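The data block below is my_file_5.cif; it holds mmCIF, C-alpha atoms.
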```cif
data_coords
loop_
_atom_site.label_atom_id
_atom_site.label_comp_id
_atom_site.auth_asym_id
_atom_site.auth_seq_id
_atom_site.Cartn_x
_atom_site.Cartn_y
_atom_site.Cartn_z
CA MET Q 1 19.56 38.79 14.27
CA HIS Q 2 18.12 40.20 17.45
CA VAL Q 3 15.19 38.22 18.85
CA SER Q 4 12.98 41.31 19.04
CA SER Q 5 13.33 42.11 15.35
CA LEU Q 6 10.15 41.66 13.30
CA HIS Q 7 12.11 41.11 10.09
CA ILE Q 8 11.73 37.65 8.56
CA ALA Q 9 14.99 36.35 7.12
CA SER Q 10 15.03 35.36 3.46
CA ASN Q 11 15.47 31.65 4.17
CA GLU Q 12 12.55 31.78 6.61
CA GLN Q 13 10.43 33.37 3.88
CA GLU Q 14 11.14 30.35 1.72
CA VAL Q 15 10.69 27.71 4.41
CA LEU Q 16 8.00 28.80 6.83
CA PRO Q 17 5.20 29.95 4.49
CA GLN Q 18 5.21 26.47 2.94
CA TRP Q 19 3.72 24.96 6.12
CA THR Q 20 1.80 27.90 7.61
CA THR Q 21 -1.32 27.01 5.60
CA THR Q 22 -1.52 23.73 7.53
CA HIS Q 23 -3.04 23.61 10.99
CA SER Q 24 0.21 22.54 12.65
CA LEU Q 25 3.43 20.57 12.45
CA HIS Q 26 5.13 18.04 14.66
CA LEU Q 27 8.50 19.66 15.35
CA PRO Q 28 10.53 16.57 14.23
CA LEU Q 29 8.75 16.69 10.85
CA LEU Q 30 9.68 20.34 10.40
CA LEU Q 31 13.30 19.62 11.28
CA GLY Q 32 13.32 16.46 9.17
CA ARG Q 33 12.13 18.35 6.10
CA TYR Q 34 14.03 21.61 6.45
CA GLY Q 35 16.59 21.00 9.18
CA ASP Q 36 19.49 19.66 7.18
CA ARG Q 37 22.50 19.82 9.50
CA ARG Q 38 24.76 21.08 6.71
CA ALA Q 39 22.07 23.10 4.88
CA THR Q 40 23.39 21.89 1.51
CA HIS Q 41 20.04 22.13 -0.32
CA ASP Q 42 18.52 25.27 -1.78
CA ASN Q 43 16.00 26.92 0.57
CA TRP Q 44 16.96 24.59 3.43
CA ILE Q 45 18.38 25.80 6.71
CA SER Q 46 20.50 23.95 9.23
CA GLU Q 47 18.86 22.00 12.05
CA SER Q 48 20.14 24.46 14.64
CA ALA Q 49 18.88 27.36 12.54
CA ALA Q 50 15.48 25.70 12.20
CA ARG Q 51 15.26 25.36 15.97
CA ASP Q 52 16.35 28.99 16.34
CA VAL Q 53 13.59 30.09 13.98
CA VAL Q 54 10.97 28.21 15.97
CA ASN Q 55 12.30 29.61 19.24
CA ARG Q 56 12.42 33.17 17.94
CA TRP Q 57 8.95 33.01 16.39
CA GLU Q 58 7.59 31.63 19.64
CA GLN Q 59 9.16 34.50 21.58
CA GLU Q 60 7.71 37.00 19.11
CA GLY Q 61 4.29 35.46 19.78
CA TRP Q 62 3.87 34.22 16.21
CA LEU Q 63 4.00 30.51 17.09
CA CYS Q 64 2.48 28.25 19.69
CA VAL Q 65 4.75 25.40 20.79
CA ALA Q 66 3.43 22.71 23.10
CA ARG Q 67 3.88 19.08 24.03
CA LEU Q 68 0.34 17.78 23.50
CA GLN Q 69 0.89 14.17 24.55
CA VAL Q 70 3.02 12.66 27.28
CA ASN Q 71 6.54 11.62 26.20
CA THR Q 72 6.09 12.89 22.63
CA PRO Q 73 7.81 15.70 20.72
CA PHE Q 74 6.43 19.22 20.56
CA TRP Q 75 3.80 20.49 18.15
CA VAL Q 76 4.14 23.85 16.41
CA TRP Q 77 1.31 26.01 15.03
CA LEU Q 78 0.66 29.66 14.21
CA SER Q 79 -0.86 31.87 16.87
CA ARG Q 80 -3.51 34.46 16.04
CA LYS Q 81 -0.70 37.03 15.84
CA GLY Q 82 1.26 34.71 13.55
CA LEU Q 83 -1.70 34.27 11.20
CA ARG Q 84 -1.99 38.05 10.91
CA LYS Q 85 1.77 38.40 10.41
CA MET Q 86 1.68 35.93 7.52
CA GLY Q 87 -1.41 37.57 6.03
CA LEU Q 88 -3.47 34.39 6.34
CA ALA Q 89 -7.22 34.79 6.72
CA TYR Q 90 -7.70 31.47 8.51
CA ALA Q 91 -9.59 30.92 11.73
CA TYR Q 92 -7.26 30.20 14.63
CA ARG Q 93 -7.31 26.65 15.91
CA ASP Q 94 -6.06 25.89 19.40
CA LEU Q 95 -4.36 22.55 18.97
CA GLU Q 96 -4.29 21.99 22.71
CA GLN Q 97 -8.04 21.33 22.47
CA SER Q 98 -7.60 18.59 19.83
CA SER Q 99 -8.33 14.93 20.47
CA VAL Q 100 -5.69 12.23 20.13
CA ASP Q 101 -7.36 11.03 16.91
CA ASP Q 102 -7.20 14.54 15.45
CA LEU Q 103 -3.52 14.82 16.30
CA GLU Q 104 -2.75 11.46 14.72
CA HIS Q 105 -4.61 12.53 11.58
CA LEU Q 106 -2.78 15.87 11.41
CA TYR Q 107 0.54 14.08 11.88
CA ALA Q 108 -0.28 11.68 9.02
CA ILE Q 109 -1.24 14.52 6.66
CA ASN Q 110 1.97 16.39 7.44
CA ALA Q 111 4.12 13.27 7.03
CA ILE Q 112 2.53 12.52 3.64
CA ARG Q 113 2.92 16.11 2.50
CA LEU Q 114 6.56 16.40 3.50
CA TYR Q 115 7.41 13.00 2.01
CA THR Q 116 5.75 14.06 -1.25
CA GLU Q 117 7.67 17.34 -1.30
CA MET Q 118 10.97 15.56 -0.69
CA ASP Q 119 10.23 13.07 -3.49
CA GLU Q 120 9.16 15.80 -5.92
CA PRO Q 121 10.60 19.21 -4.88
CA GLY Q 122 8.56 21.09 -7.50
CA VAL Q 123 5.19 19.91 -6.19
CA HIS Q 124 2.68 22.51 -5.02
CA TRP Q 125 0.64 21.44 -2.01
CA ILE Q 126 -2.85 22.85 -1.45
CA SER Q 127 -3.86 22.30 2.16
CA GLU Q 128 -7.31 21.46 3.46
CA ARG Q 129 -7.44 24.98 4.91
CA GLU Q 130 -6.98 26.45 1.44
CA LEU Q 131 -9.50 24.06 -0.08
CA LEU Q 132 -12.06 25.06 2.54
CA ARG Q 133 -12.00 28.65 1.29
CA GLY Q 134 -13.21 27.48 -2.14
CA GLN Q 135 -15.71 24.93 -0.86
CA VAL Q 136 -18.92 24.59 -2.89
CA ARG Q 137 -22.10 24.95 -0.86
CA LEU Q 138 -25.34 23.74 -2.41
CA LYS Q 139 -29.00 23.60 -1.42
CA GLY Q 140 -29.54 21.56 1.70
CA ASN Q 141 -26.00 22.33 2.93
CA LEU Q 142 -24.62 19.31 1.07
CA LEU Q 143 -20.93 19.95 0.48
CA LEU Q 144 -18.55 18.34 -1.96
CA HIS Q 145 -16.12 16.09 -0.12
CA ARG Q 146 -12.88 17.89 0.61
CA PRO Q 147 -9.66 15.82 0.54
CA ASP Q 148 -6.97 16.27 3.18
CA GLY Q 149 -4.77 17.94 0.59
CA VAL Q 150 -4.13 18.32 -3.12
CA ALA Q 151 -0.72 17.86 -4.74
CA VAL Q 152 -0.11 19.64 -8.06
CA PHE Q 153 3.00 18.31 -9.80
CA PRO Q 154 5.23 20.27 -12.19
CA ASP Q 155 3.76 18.43 -15.19
CA GLY Q 156 0.28 19.64 -14.19
CA GLN Q 157 -0.96 16.37 -12.74
CA THR Q 158 -3.38 17.06 -9.89
CA VAL Q 159 -3.78 14.50 -7.11
CA ALA Q 160 -6.29 14.43 -4.25
CA VAL Q 161 -4.63 13.06 -1.11
CA GLU Q 162 -6.43 11.34 1.77
CA ALA Q 163 -4.96 10.15 5.07
CA GLU Q 164 -7.56 7.57 6.11
CA LEU Q 165 -6.98 6.24 9.61
CA SER Q 166 -10.48 5.14 10.62
CA THR Q 167 -13.21 2.98 9.15
CA LYS Q 168 -16.28 4.43 7.47
CA LYS Q 169 -19.70 2.99 6.73
CA PRO Q 170 -19.70 1.34 3.27
CA LEU Q 171 -22.24 3.71 1.70
CA ALA Q 172 -20.52 6.80 3.08
CA LEU Q 173 -17.14 5.60 1.78
CA ALA Q 174 -18.59 4.78 -1.65
CA GLU Q 175 -20.08 8.27 -1.91
CA ILE Q 176 -16.77 9.89 -0.94
CA LEU Q 177 -14.98 7.90 -3.64
CA LEU Q 178 -17.56 8.94 -6.23
CA GLU Q 179 -17.30 12.60 -5.29
CA LEU Q 180 -13.51 12.46 -5.54
CA LEU Q 181 -13.70 10.70 -8.90
CA ARG Q 182 -16.53 12.74 -10.44
CA GLY Q 183 -16.58 16.05 -8.61
CA GLU Q 184 -19.19 18.79 -8.54
CA ASP Q 185 -21.27 17.42 -11.42
CA TYR Q 186 -21.96 14.26 -9.46
CA LEU Q 187 -22.84 16.24 -6.33
CA CYS Q 188 -25.24 18.47 -8.26
CA ASP Q 189 -26.95 15.46 -9.85
CA LYS Q 190 -27.20 13.80 -6.44
CA VAL Q 191 -28.89 16.85 -4.94
CA LYS Q 192 -31.35 17.14 -7.83
CA PHE Q 193 -32.12 13.52 -8.66
CA GLY Q 194 -30.88 11.31 -5.84
CA VAL Q 195 -28.01 8.85 -5.60
CA PRO Q 196 -29.12 6.07 -8.01
CA THR Q 197 -29.88 8.47 -10.89
CA ALA Q 198 -26.80 10.58 -10.22
CA ARG Q 199 -24.56 7.53 -10.41
CA THR Q 200 -25.88 6.80 -13.92
CA MET Q 201 -25.99 10.39 -15.17
CA SER Q 202 -22.43 11.17 -14.10
CA ARG Q 203 -20.88 8.04 -15.58
CA TRP Q 204 -18.69 9.98 -18.02
CA THR Q 205 -17.89 12.98 -15.85
CA GLN Q 206 -14.55 13.48 -14.11
CA SER Q 207 -13.41 15.62 -11.22
CA ARG Q 208 -10.43 17.93 -11.50
CA TYR Q 209 -8.25 15.23 -9.94
CA ASP Q 210 -6.18 13.09 -12.29
CA GLN Q 211 -5.61 10.63 -9.46
CA ILE Q 212 -6.78 10.03 -5.89
CA TRP Q 213 -4.26 8.74 -3.38
CA TYR Q 214 -5.38 7.08 -0.17
CA PHE Q 215 -2.82 6.42 2.56
CA ALA Q 216 -4.11 3.99 5.20
CA PRO Q 217 -3.22 1.21 7.64
CA LYS Q 218 -3.74 -2.35 6.44
CA THR Q 219 -7.31 -2.89 7.69
CA ILE Q 220 -8.45 0.45 6.26
CA ARG Q 221 -6.72 -0.26 2.95
CA THR Q 222 -8.75 -3.46 2.72
CA GLN Q 223 -11.98 -1.54 3.28
CA ILE Q 224 -11.14 1.06 0.63
CA ARG Q 225 -10.21 -1.60 -1.91
CA ARG Q 226 -13.41 -3.50 -1.23
CA ALA Q 227 -15.43 -0.34 -1.77
CA ARG Q 228 -13.61 0.32 -5.04
CA ALA Q 229 -14.13 -3.28 -6.18
CA ARG Q 230 -17.83 -3.16 -5.27
CA LEU Q 231 -18.35 -0.01 -7.34
CA VAL Q 232 -16.75 -1.73 -10.32
CA ALA Q 233 -18.67 -4.99 -9.79
CA ASP Q 234 -21.98 -3.09 -9.56
CA ASP Q 235 -21.11 -1.22 -12.77
CA VAL Q 236 -21.21 2.12 -10.94
CA ILE Q 237 -17.69 3.07 -12.05
CA ARG Q 238 -15.65 1.94 -15.02
CA GLU Q 239 -12.32 0.15 -14.65
CA GLU Q 240 -10.61 3.27 -16.02
CA GLU Q 241 -12.05 5.23 -13.11
CA ALA Q 242 -10.98 2.59 -10.60
CA LYS Q 243 -7.40 2.86 -11.86
CA ARG Q 244 -7.32 6.55 -10.91
CA LEU Q 245 -7.76 5.57 -7.27
CA TYR Q 246 -4.56 4.39 -5.58
CA VAL Q 247 -4.30 2.90 -2.10
CA TYR Q 248 -0.94 3.24 -0.34
CA TRP Q 249 0.56 2.24 2.98
CA TYR Q 250 0.46 4.24 6.15
CA PRO Q 251 2.81 4.37 7.96
CA LEU Q 252 4.55 5.27 4.71
CA ALA Q 253 6.46 2.76 2.65
CA THR Q 254 9.98 4.15 2.25
CA THR Q 255 12.41 1.40 1.21
CA GLU Q 256 12.54 0.00 -2.33
CA GLU Q 257 11.27 -3.34 -1.02
CA GLU Q 258 8.33 -1.73 0.77
CA LEU Q 259 7.44 0.38 -2.26
CA ALA Q 260 7.49 -2.70 -4.49
CA GLN Q 261 5.25 -4.60 -2.04
CA GLU Q 262 2.92 -1.61 -1.85
CA GLN Q 263 2.66 -1.44 -5.65
CA GLN Q 264 2.08 -5.19 -5.97
CA GLU Q 265 -0.58 -5.15 -3.26
CA ASP Q 266 -2.66 -2.51 -5.04
CA ASP Q 267 -2.10 -3.98 -8.51
CA GLU Q 268 -3.35 -7.35 -7.31
CA ALA Q 269 -6.42 -5.71 -5.77
CA LEU Q 270 -7.15 -4.11 -9.15
CA GLY Q 271 -6.52 -7.38 -10.99
CA LEU Q 272 -3.50 -5.97 -12.83
CA ASP Q 273 -0.44 -7.91 -13.97
CA HIS Q 274 2.24 -6.62 -11.61
CA SER Q 275 5.08 -7.97 -13.72
CA SER Q 276 4.13 -5.62 -16.54
CA THR Q 277 3.58 -2.58 -14.35
CA VAL Q 278 6.21 0.13 -14.36
CA VAL Q 279 6.80 1.54 -10.89
CA SER Q 280 7.56 5.25 -10.96
CA VAL Q 281 9.51 6.75 -8.10
CA SER Q 282 8.10 10.21 -8.82
CA HIS Q 283 4.34 10.52 -8.44
CA ARG Q 284 4.65 7.56 -6.03
#
```
Target format C-alpha cells, applied to this file:
Amino acid sequence: MHVSSLHIASNEQEVLPQWTTTHSLHLPLLLGRYGDRRATHDNWISESAARDVVNRWEQEGWLCVARLQVNTPFWVWLSRKGLRKMGLAYAYRDLEQSSVDDLEHLYAINAIRLYTEMDEPGVHWISERELLRGQVRLKGNLLLHRPDGVAVFPDGQTVAVEAELSTKKPLALAEILLELLRGEDYLCDKVKFGVPTARTMSRWTQSRYDQIWYFAPKTIRTQIRRARARLVADDVIREEEAKRLYVYWYPLATTEEELAQEQQEDDEALGLDHSSTVVSVSHR
C-alpha cells in the first residue's frame, strides 16, 4: 500500500482503534500486544507490519512518535489530525509536555490494559478518556471519582481499574474507595448531608462496579489495604464490600508463582483462608 494512501487496512481497523481512546502507548507495548512475528492470532499483525503501520501513520500526520525520556523506547499518540481521522471528539494532549510521573502512570495503565486483554480477549476496555465524557458534575463542582479504566468482561462483570503509583492522604484515599464501592448515590448524599451521614445512609448502596482492582507497588499496596481494613474496623463498610476491592502487584505478577503469592498476600490482608480460595486465571 502506498504511503500516501488514506485508506486504513482492515487489520489496522481492528487493531488501532482499540488503543486510540487512550492518551498514548509505549511502542514496545503496542508491538508486544499486536506485533506477533508470525501473526498467527486473529486480528493480530506481524511485528514488522505493526512498525510499518506506525511509520505510515506518522508520515500521514495521524500519529506523533517521540522519545520522551533519555535511553527509553518511543511513545506513540494520536495527533490532532489523527483524532479527526478516527472520529474521536477528544481534546488533543501533547505528551511531550507530560511529567515523568505522568508518563509512568500512563505506561502502567497501558500495561494493565494490554495484559488484561491478552488474558481475556473478549474484554471491553473503557478508557479514562471515555469515562470523562460521561462524568457526573454536581453542585459545588464535586465530581465522582473516575478510575483509570473500566474492564467489562464477556460475562457482564464490570471492574474499575486503578494504577496507583503514589501515596494519598488517608481521608482522601478512604473517600475514593467509598466512591468506587458505592457510586453516585454516595456522592449525592455526601454533597447534601456531609461525609459522616453519607457513610451511614449509603451503607446498602453499590456502584456499577462488581469489583475494584488496584495495581500498586508494595508500599502503596500496604496503604490501600490499611485504608480498606480501617473502613471495615470502623464499621463504615461491610466485609462483603471489602471483598469487592482487590489489591494486585505492580509491576504486574506474571508467573504462576507470582500470581499465587499475589493472591495469598491479599487474602491474608482480608483475613481469608488462602488454602480454601480458588485462584481464577481469568478475571485475575
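One finds CA of Leu252 (chain Q) at 11.4 Å from CA of Lys218 (chain Q).
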**Request:** State, in Å with one decimal place, the distance from CA of Pro147 (chain Q) to CA of Leu131 (chain Q).
**Result:** 8.3 Å
**Complete:** Counting all atoms listed in the file, the residue among Q:Arg199, Q:His145, Q:Lys192, Q:Arg228 that lies closest to Glu179 (chain Q) is Q:His145
**Request:** Kindly indicate which residue among Q:Arg226, Q:Arg113, Q:Arg133, Q:Lys85 lies nearest to Ala163 (chain Q), using only C-alpha atoms for the distances.
**Result:**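 Closest residue, counting only C-alpha atoms: Q:Arg113.
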**Fill in**
What separates CA of Val76 (chain Q) and CA of Leu63 (chain Q) is a distance of 6.7 Å
Run the PyMOL selection byres ((chain Q and resi 200) around 10) mentally over the shown coordinates, then write out the matched residues as a PDB file with C-alpha atoms, in the frame of the given file, using the chain letters and numbers from the document.
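As a result, part.pdb now contains:
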```pdb
ATOM      1  CA  TYR Q 186     -21.960  14.260  -9.460  1.00  0.00           C
ATOM      2  CA  ASP Q 189     -26.950  15.460  -9.850  1.00  0.00           C
ATOM      3  CA  VAL Q 195     -28.010   8.850  -5.600  1.00  0.00           C
ATOM      4  CA  PRO Q 196     -29.120   6.070  -8.010  1.00  0.00           C
ATOM      5  CA  THR Q 197     -29.880   8.470 -10.890  1.00  0.00           C
ATOM      6  CA  ALA Q 198     -26.800  10.580 -10.220  1.00  0.00           C
ATOM      7  CA  ARG Q 199     -24.560   7.530 -10.410  1.00  0.00           C
ATOM      8  CA  MET Q 201     -25.990  10.390 -15.170  1.00  0.00           C
ATOM      9  CA  SER Q 202     -22.430  11.170 -14.100  1.00  0.00           C
ATOM     10  CA  ARG Q 203     -20.880   8.040 -15.580  1.00  0.00           C
ATOM     11  CA  TRP Q 204     -18.690   9.980 -18.020  1.00  0.00           C
ATOM     12  CA  ASP Q 235     -21.110  -1.220 -12.770  1.00  0.00           C
ATOM     13  CA  VAL Q 236     -21.210   2.120 -10.940  1.00  0.00           C
ATOM     14  CA  ILE Q 237     -17.690   3.070 -12.050  1.00  0.00           C
TER      15      ILE Q 237
END
```
**Request:** I need the residue set behind the PyMOL selection byres ((chain Q and resi 220) around 12) for this file; please write it as a list in words.
**Result:**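 Applying the PyMOL selection byres ((chain Q and resi 220) around 12) to the structure shown produces Glu162, Ala163, Glu164, Leu165, Ser166, Thr167, Lys168, Lys169, Pro170, Leu173, Tyr214, Phe215, Ala216, Pro217, Lys218, Thr219, Arg221, Thr222, Gln223, Ile224, Arg225, Arg226, Ala227, Val247, Tyr248, Trp249 and Tyr250 of chain Q.
For the file shown, the residue list from the PyMOL selection byres ((chain Q and resi 152-159) around 9) reads Glu120, Gly122, Val123, His124, Trp125, Ile126, Gly149, Val150, Ala151, Ala160, Val161, Arg208, Tyr209, Asp210, Gln211, Ile212, Trp213 and His283 of chain Q.
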**Asked** Out of Q:Glu240, Q:Ala260, Q:Glu268, Q:Leu187, which residue has the shortest atom-to-atom distance to Leu142 (chain Q) when counting only C-alpha atoms?
**Response**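 Checking each candidate against Leu142 (chain Q), we get Q:Leu187 as the closest.
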**Prompt:** For Ile109 (chain Q), which residue among Q:Glu96, Q:Pro251, Q:Leu181, Q:Leu231 is the nearest when counting all atoms listed in the file?
**Reply:**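 The shortest atom-to-atom distance to Ile109 (chain Q) comes from Q:Pro251.
When only C-alpha atoms are used to compute distances to Glu239 (chain Q), the closest of the residues Q:Leu143, Q:Ala253, Q:Leu270, Q:Ala66 turns out to be Q:Leu270.
Minimum atom-to-atom distance to Leu68 (chain Q), evaluated using only C-alpha atoms, belongs to Q:Leu95 out of Q:Leu95, Q:Leu132, Q:Ala269, Q:Leu171.
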Pick out the residues sitting within 12 Å of Ser79 (chain Q), and hand them over as a CSV table (one decimal) with C-alpha atoms, in the coordinates of the input; count all atoms listed in the file, and ignore anything fewer than 4 positions along from it in its own chain.
```
chain,number,residue,atom,x,y,z
Q,20,THR,CA,1.8,27.9,7.6
Q,23,HIS,CA,-3.0,23.6,11.0
Q,24,SER,CA,0.2,22.5,12.6
Q,57,TRP,CA,9.0,33.0,16.4
Q,58,GLU,CA,7.6,31.6,19.6
Q,59,GLN,CA,9.2,34.5,21.6
Q,60,GLU,CA,7.7,37.0,19.1
Q,61,GLY,CA,4.3,35.5,19.8
Q,62,TRP,CA,3.9,34.2,16.2
Q,63,LEU,CA,4.0,30.5,17.1
Q,64,CYS,CA,2.5,28.2,19.7
Q,65,VAL,CA,4.8,25.4,20.8
Q,66,ALA,CA,3.4,22.7,23.1
Q,83,LEU,CA,-1.7,34.3,11.2
Q,84,ARG,CA,-2.0,38.0,10.9
Q,85,LYS,CA,1.8,38.4,10.4
Q,86,MET,CA,1.7,35.9,7.5
Q,88,LEU,CA,-3.5,34.4,6.3
Q,90,TYR,CA,-7.7,31.5,8.5
Q,91,ALA,CA,-9.6,30.9,11.7
Q,92,TYR,CA,-7.3,30.2,14.6
Q,93,ARG,CA,-7.3,26.6,15.9
Q,94,ASP,CA,-6.1,25.9,19.4
Q,95,LEU,CA,-4.4,22.6,19.0
Q,96,GLU,CA,-4.3,22.0,22.7
```
